[in-house]
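Here's the structure, in structure tokens; my notes come after.
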Amino acid sequence: MNRIWPYAPRAIAPLRALGVICGLVMIGSNIAAQAPAPVPAPVPVAQPVMELQPEVARNVEALLARGLADNRAYGLVSDLTTRIGARPGGSPEEASARDWAMFELKRLGFRNVRVEPFEVEGWRRGPIEVELLSPRGQSIVATALGYSPGAPAGGVEGEIVFFDTMADLRAAAPGSLKGRIAFVNQVTPRAQDGSGYGWSVGARARGAQEASKRGAVGLLLRSIGTSTHRFAHTGGQSYEAGVTRIPAAAISAPDANLLKRLSETTRAPLRVRIRLDAESLGPRQSGNVIGEIPGREKPEEIVVLGAHLDSWDLGTGAIDDGAGVAIVTAAAKLIAETLPKGPKRTIRVVLYGSEEVGLVGAEAYAKAHEAELPRHVIAAESDFGARRIWRFETRVRAEALPKTRAIGQVLTRLAISPGGNESTGGPDLQPLLRKGVPVVSLTQDGSDYFDTHHTPNDVLERIDPAELPQQVAAYAVFAYLAAELDGEAFGPVTPAGRPAR
Ligand SMILES: [Zn+2]
């Protein structure tokens with residue numbers, strides 16, 4: 001999903017390290033200072049649209065009809081989350097998920113099914129205990145942020161220093177947090193396209209680093225999420241080289257509200273203690289799982305459908321991103337079984353490993369496939385939950401717009417509106433986009449995505465089985481037409497230089 005922020009090209013590089021993503025491409029060094037952008041106006045209708053040949057149009061009708069009756073995706077995500085559960089990058093469970101994916105892709109008749117291995121830094125989460133010590137006692141619901149170091153024996157203890165936003169923390173003077181615990185109480189606005197998260201997530205990505213630079217011994221963060229329930233949202237963070245890592249934890253929104261009220265009511269300093277067991281584990285094995293529907297005429301040209309196989313560890317990774325794995329797998333399978341001769345070009349399903357911990361699988365894929373990236377026709381990723389798709393955005397050469405408009409016109413049959421031509425694809429597509437591979441976004445309704453994202457509540461029950469077939473149909477129609485239509489090539493595209501908005 002892709003409501004993103006005005007960015008400069010140089011800001012893309014830190015993205016990999018952020019590991020903040022999951023469903024949202026958030027780019028920019030000045031995120032905390034920005035307010036959510038308005039939804040752009042729809043594309044004007046009087047634009048050239050490529051006409052579909054009769055056979056192609058008949059195939060599209062078949063994909064639409066069969067896709068809307070296709071319940072395979074729910075079965076897949078149910079099986080993945082039940083048999084495997086949480087799948088942190090580099091963990092034995094992620095390895096089991098690769099085995100699961102290999103088995104399922106082969107069972108469904110995919111070709112060239114394989115694992116492409118790479119290494120990732122492992123991390124272990126142990127127990128956490130955050131206690132308010134004064135002016136009164138209170139146990140705080142908290143969860144460690146990814147790759148937080150453990151606290152020393154006995155924990156870290158200190159007075160809380162409040163910051164309403166990440167920008168306020170950045171404005172704090174050097175040394176001003178010495179021996180204290182920074183608390184960033186930045187609120188994540190709710191938005192259909194996830195733009196509220198894009199605005200707030202920088203506090204999670206860089207909060208501990210900025211607090212550490214100013215002398216803090218720990219970071220507490222209001223969870224980057226929209227839930228008002230009493231659980232905390234984990235997620236990735238990153239540091240510049242040379243900055244001392246400090247224990248960092250997200251706390252639930254009600255606990256954050258309590259601390260704020262207590263401070264305002266009593267005007268007394270608040271002292272907290274963070275006990276936290278966690279450690280980095282050194283290099284671990286991860287990998288991307290790939291399966292293909294080979295093209296009948298131009299098999300060397302590739303349409304990528306992506307999703308990520310790993311998840312955070314608190315829930316079972318159902319909406320993030322078991323749903324995406326299921327949707328793109330079911331969509332490619334639908335094409336294979338509906339069109340026995342296959343599409344003109346190859347459709348490649350890429351189930352990325354280690355997305356949550358910094359797009360590590362995405363970078364490994366781009367590196368391993370560098371030589372064939374010019375033959376990557378276009379790419380899409382499902383990584384924003386399991387709600388219906390409402391918008392189709394693209395990033396293609398202007399000359400190819402009649403072709404993407406033809407695809408967009410078909411997608412209106414699924415209640416999906418045409419968007420602009422400034423898509424950034426999904427998070428795992430960033431390394432491809434940087435190399436000029438065109439991308440699209442089939443944007444899901446993310447209104448409640450960040451209620452659940454990265455929490456213990458990311459479980460199968462958060463998926464409505466009735467919402468998946470529309471998405472399977474949409475990905476199938478997109479991938480089929482992208483692989484089938486000739487005419488102007490979609491790319492290459494230029495990722496930088498997009499207009500600010
Ligand atoms: Zn994700």
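Naming works like this for the structure tokens: A, B, ... for the chains as they're shown, residue 1 at the start of each chain, ligands 1 onward in shown order.
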
Practice task
Let me have all residues with an atom within 10 Å of ligand 1, counting only C-alpha atoms and all ligand atoms, laid out as JSON, numbers by chain.
Solution key: {"A": [20, 21, 22, 23, 24, 307, 308, 309, 310, 311, 312, 317, 318, 319, 320, 321, 322, 323, 324, 354, 355, 356, 359, 381, 382, 383, 384, 385, 426, 427, 428, 453, 454]}

Handout entry: Backbone-only DSSP, strand (DSSP E) members of segment 76-186 of chain A, as an NGL selection string
Key = :A and (111-134 or 138-140 or 142-144 or 156-163 or 181-184)

Dump of N, CA and C atoms for the selected residues, as a short mmCIF file (atom, residue, chain, number, x, y, z; two decimals), in the first residue's frame:
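This went into result15.cif:
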data_model
loop_
_atom_site.label_atom_id
_atom_site.label_comp_id
_atom_site.auth_asym_id
_atom_site.auth_seq_id
_atom_site.Cartn_x
_atom_site.Cartn_y
_atom_site.Cartn_z
N ARG A 111 5.66 -24.42 -11.27
CA ARG A 111 6.91 -24.94 -11.84
C ARG A 111 8.10 -24.18 -11.26
N ASN A 112 9.28 -24.79 -11.41
CA ASN A 112 10.53 -24.15 -10.96
C ASN A 112 10.45 -23.71 -9.51
N VAL A 113 9.83 -24.54 -8.68
CA VAL A 113 9.67 -24.19 -7.26
C VAL A 113 11.01 -24.37 -6.56
N ARG A 114 11.41 -23.34 -5.83
CA ARG A 114 12.73 -23.39 -5.20
C ARG A 114 12.84 -22.39 -4.05
N VAL A 115 13.85 -22.63 -3.22
CA VAL A 115 14.23 -21.67 -2.18
C VAL A 115 15.51 -20.99 -2.63
N GLU A 116 15.55 -19.69 -2.49
CA GLU A 116 16.79 -18.94 -2.72
C GLU A 116 17.27 -18.43 -1.37
N PRO A 117 18.31 -19.08 -0.80
CA PRO A 117 18.70 -18.77 0.58
C PRO A 117 19.54 -17.50 0.71
N PHE A 118 19.49 -16.93 1.88
CA PHE A 118 20.37 -15.80 2.24
C PHE A 118 20.45 -15.77 3.76
N GLU A 119 21.36 -14.96 4.27
CA GLU A 119 21.53 -14.87 5.71
C GLU A 119 20.91 -13.61 6.27
N VAL A 120 20.48 -13.71 7.51
CA VAL A 120 19.89 -12.56 8.19
C VAL A 120 20.33 -12.61 9.66
N GLU A 121 20.38 -11.46 10.28
CA GLU A 121 20.72 -11.41 11.70
C GLU A 121 19.52 -11.91 12.52
N GLY A 122 19.76 -12.90 13.35
CA GLY A 122 18.68 -13.42 14.20
C GLY A 122 18.50 -12.57 15.45
N TRP A 123 17.36 -12.69 16.06
CA TRP A 123 17.06 -11.94 17.28
C TRP A 123 16.10 -12.77 18.13
N ARG A 124 16.34 -12.75 19.44
CA ARG A 124 15.48 -13.51 20.36
C ARG A 124 14.79 -12.56 21.33
N ARG A 125 13.47 -12.70 21.42
CA ARG A 125 12.68 -11.93 22.39
C ARG A 125 12.49 -12.77 23.65
N GLY A 126 12.86 -12.23 24.79
CA GLY A 126 12.56 -12.87 26.06
C GLY A 126 11.49 -12.09 26.79
N PRO A 127 11.28 -12.40 28.08
CA PRO A 127 10.24 -11.70 28.84
C PRO A 127 10.55 -10.21 29.03
N ILE A 128 9.50 -9.44 29.17
CA ILE A 128 9.65 -8.01 29.45
C ILE A 128 8.75 -7.64 30.62
N GLU A 129 9.23 -6.70 31.43
CA GLU A 129 8.41 -6.21 32.55
C GLU A 129 8.68 -4.71 32.66
N VAL A 130 7.66 -3.92 32.42
CA VAL A 130 7.79 -2.47 32.58
C VAL A 130 6.91 -2.05 33.74
N GLU A 131 7.51 -1.41 34.72
CA GLU A 131 6.81 -1.03 35.95
C GLU A 131 6.90 0.47 36.16
N LEU A 132 5.75 1.09 36.40
CA LEU A 132 5.75 2.45 36.93
C LEU A 132 6.04 2.36 38.42
N LEU A 133 7.05 3.08 38.88
CA LEU A 133 7.48 2.97 40.28
C LEU A 133 6.95 4.12 41.12
N SER A 134 6.88 5.32 40.55
CA SER A 134 6.35 6.46 41.29
C SER A 134 5.77 7.46 40.30
N GLN A 138 2.34 0.68 39.03
CA GLN A 138 1.45 0.25 37.94
C GLN A 138 2.26 -0.62 36.98
N SER A 139 1.70 -1.77 36.65
CA SER A 139 2.34 -2.60 35.65
C SER A 139 1.92 -2.08 34.26
N ILE A 140 2.88 -1.88 33.40
CA ILE A 140 2.63 -1.30 32.07
C ILE A 140 2.70 -2.43 31.02
N ALA A 142 3.68 -3.85 27.72
CA ALA A 142 4.75 -3.43 26.81
C ALA A 142 5.26 -4.62 26.01
N THR A 143 5.90 -4.32 24.90
CA THR A 143 6.59 -5.34 24.11
C THR A 143 7.86 -4.74 23.55
N ALA A 144 8.92 -5.53 23.52
CA ALA A 144 10.19 -5.02 23.01
C ALA A 144 10.07 -4.72 21.53
N VAL A 156 16.74 -1.30 33.65
CA VAL A 156 17.12 0.11 33.64
C VAL A 156 15.98 0.89 34.29
N GLU A 157 16.37 1.92 35.03
CA GLU A 157 15.38 2.67 35.80
C GLU A 157 15.65 4.14 35.64
N GLY A 158 14.60 4.94 35.53
CA GLY A 158 14.84 6.37 35.40
C GLY A 158 13.56 7.15 35.33
N GLU A 159 13.74 8.44 35.34
CA GLU A 159 12.59 9.35 35.21
C GLU A 159 12.20 9.44 33.74
N ILE A 160 10.90 9.47 33.50
CA ILE A 160 10.40 9.59 32.13
C ILE A 160 10.49 11.04 31.66
N VAL A 161 10.94 11.22 30.44
CA VAL A 161 10.85 12.54 29.79
C VAL A 161 9.87 12.39 28.63
N PHE A 162 8.80 13.20 28.65
CA PHE A 162 7.72 13.08 27.67
C PHE A 162 8.03 13.83 26.38
N PHE A 163 7.68 13.21 25.27
CA PHE A 163 7.73 13.88 23.97
C PHE A 163 6.43 13.53 23.24
N ILE A 181 14.65 8.02 30.86
CA ILE A 181 13.97 7.17 29.87
C ILE A 181 13.08 8.06 29.02
N ALA A 182 13.34 8.09 27.73
CA ALA A 182 12.52 8.90 26.82
C ALA A 182 11.19 8.18 26.58
N PHE A 183 10.11 8.95 26.55
CA PHE A 183 8.80 8.39 26.22
C PHE A 183 8.21 9.21 25.08
N VAL A 184 8.08 8.59 23.92
CA VAL A 184 7.51 9.27 22.76
C VAL A 184 6.05 8.85 22.64
#

Problem - Exercise: Leu52 of chain A partners within 8 Å, only C-alpha atoms, chain neighbours under 4 positions left out, as a ChimeraX atom specification - result: /A:56-57,406

Exercise for the section: Fewer than 2 positions away in the same chain doesn't count, so skip those; otherwise give me all residues within 12 Å of Thr455 of chain A, counting only C-alpha atoms, as a PyMOL selection string. Expected result: chain A and resi 86+142-145+223-227+229-235+250-252+311-320+449-453+457-459+462

Next, the residues of the selection above should be written as an mmCIF file, in the first residue's frame with N, CA and C atoms.
data_model
loop_
_atom_site.group_PDB
_atom_site.id
_atom_site.type_symbol
_atom_site.label_atom_id
_atom_site.label_comp_id
_atom_site.auth_asym_id
_atom_site.auth_seq_id
_atom_site.Cartn_x
_atom_site.Cartn_y
_atom_site.Cartn_z
ATOM 1 N N ALA A 86 3.632 -18.046 14.054
ATOM 2 C CA ALA A 86 4.559 -16.922 13.879
ATOM 3 C C ALA A 86 5.834 -17.393 13.178
ATOM 4 N N ALA A 142 3.680 -3.847 27.723
ATOM 5 C CA ALA A 142 4.752 -3.427 26.809
ATOM 6 C C ALA A 142 5.259 -4.618 26.008
ATOM 7 N N THR A 143 5.899 -4.318 24.898
ATOM 8 C CA THR A 143 6.588 -5.344 24.114
ATOM 9 C C THR A 143 7.861 -4.738 23.552
ATOM 10 N N ALA A 144 8.917 -5.530 23.521
ATOM 11 C CA ALA A 144 10.191 -5.018 23.007
ATOM 12 C C ALA A 144 10.074 -4.718 21.526
ATOM 13 N N LEU A 145 10.747 -3.674 21.075
ATOM 14 C CA LEU A 145 10.887 -3.442 19.641
ATOM 15 C C LEU A 145 11.949 -4.389 19.095
ATOM 16 N N SER A 223 2.591 2.709 21.225
ATOM 17 C CA SER A 223 2.570 1.781 20.100
ATOM 18 C C SER A 223 2.219 2.490 18.800
ATOM 19 N N ILE A 224 2.966 2.172 17.753
ATOM 20 C CA ILE A 224 2.664 2.713 16.430
ATOM 21 C C ILE A 224 1.559 1.829 15.853
ATOM 22 N N GLY A 225 0.331 2.257 16.081
ATOM 23 C CA GLY A 225 -0.844 1.504 15.666
ATOM 24 C C GLY A 225 -2.069 2.298 16.050
ATOM 25 N N THR A 226 -3.230 1.825 15.632
ATOM 26 C CA THR A 226 -4.459 2.574 15.871
ATOM 27 C C THR A 226 -5.380 1.914 16.887
ATOM 28 N N SER A 227 -4.976 0.787 17.452
ATOM 29 C CA SER A 227 -5.835 0.118 18.418
ATOM 30 C C SER A 227 -5.900 0.909 19.715
ATOM 31 N N HIS A 229 -6.951 -0.873 22.325
ATOM 32 C CA HIS A 229 -6.958 -1.983 23.279
ATOM 33 C C HIS A 229 -5.620 -2.067 24.002
ATOM 34 N N ARG A 230 -5.615 -2.899 25.068
ATOM 35 C CA ARG A 230 -4.426 -2.884 25.926
ATOM 36 C C ARG A 230 -3.437 -3.977 25.509
ATOM 37 N N PHE A 231 -2.919 -3.822 24.311
ATOM 38 C CA PHE A 231 -1.766 -4.615 23.905
ATOM 39 C C PHE A 231 -0.829 -3.713 23.116
ATOM 40 N N ALA A 232 0.393 -4.158 22.991
ATOM 41 C CA ALA A 232 1.416 -3.312 22.363
ATOM 42 C C ALA A 232 1.781 -3.850 20.987
ATOM 43 N N HIS A 233 2.218 -2.949 20.125
ATOM 44 C CA HIS A 233 2.599 -3.276 18.740
ATOM 45 C C HIS A 233 4.124 -3.272 18.634
ATOM 46 N N THR A 234 4.696 -4.382 18.211
ATOM 47 C CA THR A 234 6.139 -4.410 18.007
ATOM 48 C C THR A 234 6.478 -3.887 16.611
ATOM 49 N N GLY A 235 7.725 -4.018 16.211
ATOM 50 C CA GLY A 235 8.136 -3.590 14.884
ATOM 51 C C GLY A 235 9.619 -3.314 14.847
ATOM 52 N N ALA A 250 7.599 -0.751 23.027
ATOM 53 C CA ALA A 250 6.325 -0.076 22.774
ATOM 54 C C ALA A 250 5.373 -0.418 23.910
ATOM 55 N N ILE A 251 4.552 0.550 24.296
ATOM 56 C CA ILE A 251 3.540 0.284 25.331
ATOM 57 C C ILE A 251 2.162 0.478 24.728
ATOM 58 N N SER A 252 1.159 -0.095 25.372
ATOM 59 C CA SER A 252 -0.198 -0.018 24.814
ATOM 60 C C SER A 252 -0.713 1.416 24.881
ATOM 61 N N SER A 311 6.927 -13.184 9.558
ATOM 62 C CA SER A 311 5.991 -12.344 10.320
ATOM 63 C C SER A 311 6.667 -11.935 11.624
ATOM 64 N N TRP A 312 6.058 -11.012 12.324
ATOM 65 C CA TRP A 312 6.486 -10.780 13.701
ATOM 66 C C TRP A 312 6.024 -11.953 14.549
ATOM 67 N N ASP A 313 6.484 -11.967 15.797
ATOM 68 C CA ASP A 313 6.341 -13.161 16.628
ATOM 69 C C ASP A 313 5.172 -13.134 17.592
ATOM 70 N N LEU A 314 4.451 -12.018 17.689
ATOM 71 C CA LEU A 314 3.450 -11.918 18.759
ATOM 72 C C LEU A 314 2.155 -12.636 18.418
ATOM 73 N N GLY A 315 1.723 -12.553 17.154
ATOM 74 C CA GLY A 315 0.513 -13.256 16.722
ATOM 75 C C GLY A 315 0.896 -14.460 15.879
ATOM 76 N N THR A 316 0.084 -14.755 14.872
ATOM 77 C CA THR A 316 0.431 -15.849 13.958
ATOM 78 C C THR A 316 0.646 -15.345 12.528
ATOM 79 N N GLY A 317 0.793 -14.019 12.375
ATOM 80 C CA GLY A 317 1.104 -13.485 11.045
ATOM 81 C C GLY A 317 0.017 -13.768 10.029
ATOM 82 N N ALA A 318 -1.241 -13.535 10.416
ATOM 83 C CA ALA A 318 -2.358 -13.821 9.505
ATOM 84 C C ALA A 318 -2.569 -12.677 8.518
ATOM 85 N N ILE A 319 -2.785 -11.463 9.042
ATOM 86 C CA ILE A 319 -2.985 -10.335 8.110
ATOM 87 C C ILE A 319 -1.648 -9.821 7.597
ATOM 88 N N ASP A 320 -0.585 -10.095 8.338
ATOM 89 C CA ASP A 320 0.748 -9.592 7.955
ATOM 90 C C ASP A 320 1.752 -10.724 8.037
ATOM 91 N N TYR A 449 -6.333 -1.877 9.621
ATOM 92 C CA TYR A 449 -5.129 -2.709 9.543
ATOM 93 C C TYR A 449 -4.207 -2.473 10.735
ATOM 94 N N PHE A 450 -4.039 -1.222 11.110
ATOM 95 C CA PHE A 450 -3.070 -0.912 12.172
ATOM 96 C C PHE A 450 -3.664 -1.074 13.572
ATOM 97 N N ASP A 451 -4.904 -1.587 13.643
ATOM 98 C CA ASP A 451 -5.423 -2.040 14.940
ATOM 99 C C ASP A 451 -4.745 -3.355 15.341
ATOM 100 N N THR A 452 -4.338 -4.104 14.355
ATOM 101 C CA THR A 452 -3.924 -5.495 14.548
ATOM 102 C C THR A 452 -2.457 -5.743 14.233
ATOM 103 N N HIS A 453 -1.961 -5.006 13.268
ATOM 104 C CA HIS A 453 -0.613 -5.112 12.719
ATOM 105 C C HIS A 453 0.444 -5.196 13.829
ATOM 106 N N ASN A 457 -2.821 -9.843 18.325
ATOM 107 C CA ASN A 457 -4.142 -10.009 17.714
ATOM 108 C C ASN A 457 -4.075 -10.271 16.206
ATOM 109 N N ASP A 458 -2.871 -10.372 15.654
ATOM 110 C CA ASP A 458 -2.761 -10.695 14.222
ATOM 111 C C ASP A 458 -2.930 -12.205 14.054
ATOM 112 N N VAL A 459 -4.175 -12.611 14.042
ATOM 113 C CA VAL A 459 -4.531 -14.033 13.983
ATOM 114 C C VAL A 459 -5.615 -14.240 12.929
ATOM 115 N N ARG A 462 -8.986 -12.346 12.356
ATOM 116 C CA ARG A 462 -9.035 -10.969 11.836
ATOM 117 C C ARG A 462 -9.268 -10.962 10.325
#

When DSSP works through the backbone of this structure, what residues of segment 190-231 of chain A end up as alpha helix (DSSP H), shown as a compact mmCIF listing (two decimals) with C-alpha atoms, in the first residue's frame?
# COMPACT_ATOMS: atom_id res chain seq x y z
CA SER A 195 -0.94 7.24 5.60
CA GLY A 196 -1.28 7.77 9.36
CA TYR A 197 1.23 5.01 9.94
CA GLY A 198 3.52 6.52 7.37
CA TRP A 199 3.46 9.69 9.41
CA SER A 200 4.13 8.07 12.78
CA GLY A 202 9.58 7.11 12.12
CA ALA A 203 9.23 7.29 15.91
CA ARG A 204 9.58 3.52 16.09
CA ALA A 205 12.27 3.29 13.45
CA ARG A 206 14.57 5.92 14.93
CA GLY A 207 13.21 6.75 18.39
CA ALA A 208 15.71 4.66 20.34
CA GLN A 209 18.61 5.97 18.31
CA GLU A 210 17.65 9.61 18.88
CA ALA A 211 17.03 8.98 22.59
CA SER A 212 20.36 7.20 22.93
CA LYS A 213 22.21 10.04 21.22

Handout entry: Residue neighbourhood segment 474-489 of chain A, 9 Å, only C-alpha atoms, exclusion window fewer than 4 positions, as number ranges by chain
Key = A: 50, 52, 56, 59-60, 63-64, 67, 295, 301-305, 327-328, 330-335, 342-347, 377-380, 382, 389, 396-397, 399-404, 406-408, 410-411, 414, 416, 442, 469-470

Since we have the selection now, will you write its residues out, keeping N, CA and C atoms, as a short mmCIF file (atom, residue, chain, number, x, y, z; two decimals), in the first residue's frame?
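File out_39.cif, as written:
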data_model
loop_
_atom_site.label_atom_id
_atom_site.label_comp_id
_atom_site.auth_asym_id
_atom_site.auth_seq_id
_atom_site.Cartn_x
_atom_site.Cartn_y
_atom_site.Cartn_z
N MET A 50 -6.28 0.81 -24.13
CA MET A 50 -6.06 -0.27 -25.09
C MET A 50 -7.28 -1.19 -25.13
N LEU A 52 -9.10 -4.74 -25.63
CA LEU A 52 -8.73 -6.14 -25.43
C LEU A 52 -9.21 -6.97 -26.62
N VAL A 56 -8.78 -12.55 -25.28
CA VAL A 56 -8.30 -12.03 -23.99
C VAL A 56 -9.49 -11.60 -23.13
N ASN A 59 -11.09 -14.58 -21.64
CA ASN A 59 -10.29 -15.10 -20.52
C ASN A 59 -10.47 -14.26 -19.26
N VAL A 60 -10.55 -12.95 -19.46
CA VAL A 60 -10.76 -12.06 -18.32
C VAL A 60 -12.11 -12.37 -17.66
N LEU A 63 -11.72 -15.42 -15.59
CA LEU A 63 -10.96 -15.18 -14.35
C LEU A 63 -11.82 -14.44 -13.32
N LEU A 64 -12.59 -13.48 -13.80
CA LEU A 64 -13.45 -12.74 -12.87
C LEU A 64 -14.47 -13.68 -12.22
N GLY A 67 -12.64 -16.35 -10.10
CA GLY A 67 -11.95 -15.73 -8.96
C GLY A 67 -12.91 -15.37 -7.85
N GLY A 295 5.56 -18.85 -18.96
CA GLY A 295 4.94 -18.21 -20.11
C GLY A 295 4.97 -19.11 -21.33
N GLU A 301 10.32 -13.44 -19.93
CA GLU A 301 9.79 -12.17 -19.42
C GLU A 301 8.86 -12.46 -18.24
N ILE A 302 9.01 -11.68 -17.17
CA ILE A 302 8.45 -12.08 -15.88
C ILE A 302 7.54 -11.01 -15.28
N VAL A 303 6.37 -11.45 -14.84
CA VAL A 303 5.49 -10.63 -14.01
C VAL A 303 5.59 -11.17 -12.59
N VAL A 304 5.98 -10.32 -11.64
CA VAL A 304 6.16 -10.76 -10.26
C VAL A 304 4.91 -10.48 -9.43
N LEU A 305 4.46 -11.51 -8.71
CA LEU A 305 3.46 -11.32 -7.66
C LEU A 305 4.14 -11.65 -6.34
N ILE A 327 -3.18 -14.87 -1.07
CA ILE A 327 -3.85 -14.17 -2.18
C ILE A 327 -3.05 -14.32 -3.48
N VAL A 328 -1.76 -14.05 -3.42
CA VAL A 328 -0.99 -14.10 -4.69
C VAL A 328 -0.81 -15.54 -5.16
N ALA A 330 -3.00 -18.02 -4.66
CA ALA A 330 -4.28 -18.43 -5.22
C ALA A 330 -4.54 -17.77 -6.57
N ALA A 331 -4.10 -16.52 -6.71
CA ALA A 331 -4.34 -15.80 -7.97
C ALA A 331 -3.55 -16.45 -9.12
N ALA A 332 -2.28 -16.78 -8.87
CA ALA A 332 -1.48 -17.41 -9.93
C ALA A 332 -2.03 -18.80 -10.27
N LYS A 333 -2.43 -19.52 -9.23
CA LYS A 333 -3.03 -20.84 -9.46
C LYS A 333 -4.31 -20.72 -10.28
N LEU A 334 -5.09 -19.70 -9.99
CA LEU A 334 -6.34 -19.49 -10.73
C LEU A 334 -6.06 -19.28 -12.22
N ILE A 335 -5.04 -18.53 -12.52
CA ILE A 335 -4.66 -18.32 -13.93
C ILE A 335 -4.27 -19.66 -14.56
N GLY A 342 -1.62 -21.30 -20.48
CA GLY A 342 -0.80 -20.35 -19.73
C GLY A 342 -0.81 -18.98 -20.35
N PRO A 343 -0.32 -17.99 -19.62
CA PRO A 343 -0.21 -16.63 -20.17
C PRO A 343 1.00 -16.54 -21.10
N LYS A 344 1.05 -15.47 -21.86
CA LYS A 344 2.14 -15.30 -22.83
C LYS A 344 3.50 -15.23 -22.12
N ARG A 345 3.54 -14.51 -20.99
CA ARG A 345 4.80 -14.35 -20.23
C ARG A 345 4.69 -15.11 -18.90
N THR A 346 5.83 -15.28 -18.24
CA THR A 346 5.87 -16.03 -16.98
C THR A 346 5.30 -15.19 -15.83
N ILE A 347 4.51 -15.84 -15.01
CA ILE A 347 4.06 -15.23 -13.75
C ILE A 347 4.84 -15.89 -12.64
N VAL A 377 8.83 -7.57 -16.21
CA VAL A 377 7.90 -6.71 -16.94
C VAL A 377 7.21 -5.73 -16.01
N ILE A 378 6.78 -6.23 -14.85
CA ILE A 378 6.07 -5.40 -13.87
C ILE A 378 5.91 -6.26 -12.61
N ALA A 379 5.66 -5.59 -11.47
CA ALA A 379 5.56 -6.33 -10.20
C ALA A 379 4.46 -5.74 -9.32
N ALA A 380 3.86 -6.62 -8.51
CA ALA A 380 2.85 -6.19 -7.53
C ALA A 380 3.07 -7.00 -6.26
N SER A 382 1.17 -8.04 -2.38
CA SER A 382 0.05 -7.96 -1.43
C SER A 382 0.61 -8.00 -0.02
N ILE A 389 -9.80 -4.77 -1.95
CA ILE A 389 -9.01 -3.78 -2.71
C ILE A 389 -9.96 -2.70 -3.22
N VAL A 396 4.29 3.27 -14.30
CA VAL A 396 4.76 2.76 -15.59
C VAL A 396 5.16 3.95 -16.45
N ARG A 397 5.83 3.66 -17.55
CA ARG A 397 6.13 4.73 -18.50
C ARG A 397 4.82 5.31 -19.04
N GLU A 399 4.03 6.02 -21.91
CA GLU A 399 3.60 5.38 -23.15
C GLU A 399 2.79 4.12 -22.89
N ALA A 400 2.94 3.53 -21.68
CA ALA A 400 2.23 2.28 -21.37
C ALA A 400 0.89 2.54 -20.67
N LEU A 401 0.55 3.80 -20.44
CA LEU A 401 -0.70 4.07 -19.70
C LEU A 401 -1.95 3.52 -20.37
N PRO A 402 -2.04 3.51 -21.72
CA PRO A 402 -3.25 2.91 -22.32
C PRO A 402 -3.42 1.44 -21.89
N LYS A 403 -2.31 0.76 -21.68
CA LYS A 403 -2.36 -0.65 -21.28
C LYS A 403 -2.81 -0.78 -19.81
N THR A 404 -2.21 0.03 -18.93
CA THR A 404 -2.63 -0.08 -17.52
C THR A 404 -4.06 0.44 -17.34
N ALA A 406 -6.40 -0.10 -19.48
CA ALA A 406 -7.24 -1.25 -19.86
C ALA A 406 -7.39 -2.21 -18.68
N ILE A 407 -6.29 -2.42 -17.97
CA ILE A 407 -6.35 -3.29 -16.78
C ILE A 407 -7.24 -2.64 -15.72
N GLY A 408 -7.03 -1.35 -15.54
CA GLY A 408 -7.83 -0.63 -14.55
C GLY A 408 -9.32 -0.66 -14.86
N VAL A 410 -10.94 -3.07 -16.37
CA VAL A 410 -11.46 -4.37 -15.96
C VAL A 410 -11.63 -4.42 -14.45
N LEU A 411 -10.66 -3.84 -13.72
CA LEU A 411 -10.71 -3.92 -12.26
C LEU A 411 -11.90 -3.14 -11.67
N LEU A 414 -14.59 -5.03 -10.18
CA LEU A 414 -14.43 -5.55 -8.82
C LEU A 414 -14.51 -4.42 -7.79
N ILE A 416 -12.98 -1.57 -7.90
CA ILE A 416 -11.65 -1.00 -7.68
C ILE A 416 -11.51 0.23 -8.57
N LEU A 442 -2.34 -2.71 -5.73
CA LEU A 442 -3.76 -3.03 -5.60
C LEU A 442 -4.08 -2.75 -4.13
N PRO A 469 -11.87 -13.54 -2.02
CA PRO A 469 -12.04 -13.83 -3.46
C PRO A 469 -11.93 -12.60 -4.36
N GLN A 470 -12.44 -11.45 -3.92
CA GLN A 470 -12.30 -10.24 -4.74
C GLN A 470 -10.83 -9.94 -5.01
#

Handout entry: Atomic distance atom CA of Phe110 of chain A - atom CA of Ala336 of chain A, expressed in Å with one decimal
Key = 8.5 Å

Handout entry: Spatial neighbours of Ile246 of chain A, max dist 8 Å, only C-alpha atoms, sep filter under 5 positions, as number ranges by chain
Key = A: 148-149, 151, 208-209, 212, 216-219

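A straight line drawn from atom CA of Asp255 of chain A to atom CA of Leu220 of chain A is 10.9 Å long.
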